[in-house]
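Participant: Input: one structure, supplied below.
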Amino acid sequence: EPRLLDMKWRGGGKGGGEGEPLKVEPVFNHPAHNGPVKCVAAAGKFLVSGGNDEEIRIFNLKKRTEIGSLMRHNGSVTCLRFHQTSHLVSGSDDAKLLVWRTRDWQCLAQLEGHTKGINDCDIHPTGRIMISTARDSMVKLWDLVKGDCVFTFKNPLSAVTEQIRWSPSGQAFSLASRSNVSLFEAEGSRVVCALQHGCPVLCSAFLSENQVATGCEDGVVRLWDCRSGKETGSLAPHPQRVRSVCSDGRGRLLTASSDGEVRVHG
């Protein structure tokens, strides 16, 4: 049965008063995959999901219906990223990245270069370049116009990077691995600072150009200043590990946990 999400709207406003829980009923529930869902992404009217069954399922959010599936990967689909609503990039355990055009869902390019499964990728705000990371510990920069890899380097910590993110301006990017998040300048890939944690980091997100949030194994969300590399605050919204953090673009932080809850923090 569908599970209700108990969200804490701490900023008040339309959803309720200070600290008042919001009960949200799912409006769309679809058994999309034969196995675990590994990743999802949404843009405009499209929602896509990737699973262990090697498929990408496509949904129309306005009509709340499934409209098709993409089957070009030979491994679990591990990451999905939209650029606006025109293009989608998918990554897989088959070590390949595929570029799709959403107008007709044609595969425009197959990017090969990683030797092990893809962990994550992120498209630059311009849509012209992309950065990816895989279990081979390599980080690659791709020219999406030409479909070529233009730069490769290894994580300086010699650790497998689990997550990679561009900053809002695209002038910096972050690598999350083990108990560390490293911030790099986009030009020259120089390390700006390292955000050291005392426990494994499971997720991270830029809240602004100068602020990063990290979610950890201990259930704590930590806030960091990108310029100094210092922790500026923390909250413990969940009793179990924090699996995902993101900003809603309106100054609110959203967290999701292994405890089955999604929470909104003002």
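Every chain in the structure tokens has a letter given in the order shown (A, B, ...), and although residue numbers restart at 1 in each chain, ligands are simply numbered from 1 in the order shown.
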Give me the residues of range 138-196 of chain A that have any atom at most 12 Å from an atom of range 88-95 of chain A; for each, the nearest atom pair and the distance in Å, rounded to one decimal. Use only C-alpha atoms, sort by chain and number, and format it as a tab-separated table.
Facilitator:
residue	atom	partner	partner_atom	distance
A:Met138	CA	A:Ala95	CA	11.6
A:Trp142	CA	A:Val89	CA	11.8
A:Leu144	CA	A:Val89	CA	10.0
A:Gly147	CA	A:Val89	CA	11.9
Participant: Show me, as a PyMOL selection string, the residues that have an atom within 8 Å of Asn180 in chain A when counting only C-alpha atoms, minus same-chain residues fewer than 3 positions from it.
Facilitator: chain A and resi 176-177+194-197+200-201
Participant: Any idea what's packed within 8 Å of range 217-222 of chain A, counting only C-alpha atoms, ignoring anything in its chain fewer than 6 positions away? Could you give it as a PyMOL selection string?
Facilitator: chain A and resi 199-202+231-242+257
Participant: If you keep C-alpha atoms, can you produce a file of those selected residues as a PDB file, in the first residue's frame?
Facilitator:
ATOM      1  CA  CYS A 199      31.366   9.395   9.560  1.00  0.00           C
ATOM      2  CA  PRO A 200      30.419   8.292   6.033  1.00  0.00           C
ATOM      3  CA  VAL A 201      28.803  10.930   3.797  1.00  0.00           C
ATOM      4  CA  LEU A 202      25.858   9.532   1.838  1.00  0.00           C
ATOM      5  CA  GLU A 231      30.853  23.631   9.405  1.00  0.00           C
ATOM      6  CA  THR A 232      28.306  26.383  10.082  1.00  0.00           C
ATOM      7  CA  GLY A 233      25.438  24.369  11.519  1.00  0.00           C
ATOM      8  CA  SER A 234      23.772  20.988  11.796  1.00  0.00           C
ATOM      9  CA  LEU A 235      20.439  19.323  12.461  1.00  0.00           C
ATOM     10  CA  ALA A 236      19.446  15.765  13.253  1.00  0.00           C
ATOM     11  CA  PRO A 237      16.056  15.314  11.597  1.00  0.00           C
ATOM     12  CA  HIS A 238      16.139  11.525  11.346  1.00  0.00           C
ATOM     13  CA  PRO A 239      17.015   8.629  13.680  1.00  0.00           C
ATOM     14  CA  GLN A 240      18.593   6.739  10.773  1.00  0.00           C
ATOM     15  CA  ARG A 241      20.979   7.544   7.917  1.00  0.00           C
ATOM     16  CA  VAL A 242      20.200  10.493   5.638  1.00  0.00           C
ATOM     17  CA  SER A 257      16.105   8.984   5.274  1.00  0.00           C
TER      18      SER A 257
END
Participant: From the set A:Cys107, A:His87, A:His265, A:Ser182, which residue has the shortest atom-to-atom contact distance to Ala43 in chain A, counting only C-alpha atoms?
Facilitator: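 The shortest atom-to-atom distance to Ala43 in chain A comes from A:His87.
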Participant: Would you mind telling me which residue in A:Val212, A:Cys203, A:Leu111, A:Ile67 lies nearest to Ser244 in chain A when using only C-alpha atoms?
Facilitator: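 Of the candidates, the smallest distance to Ser244 in chain A is held by A:Cys203.
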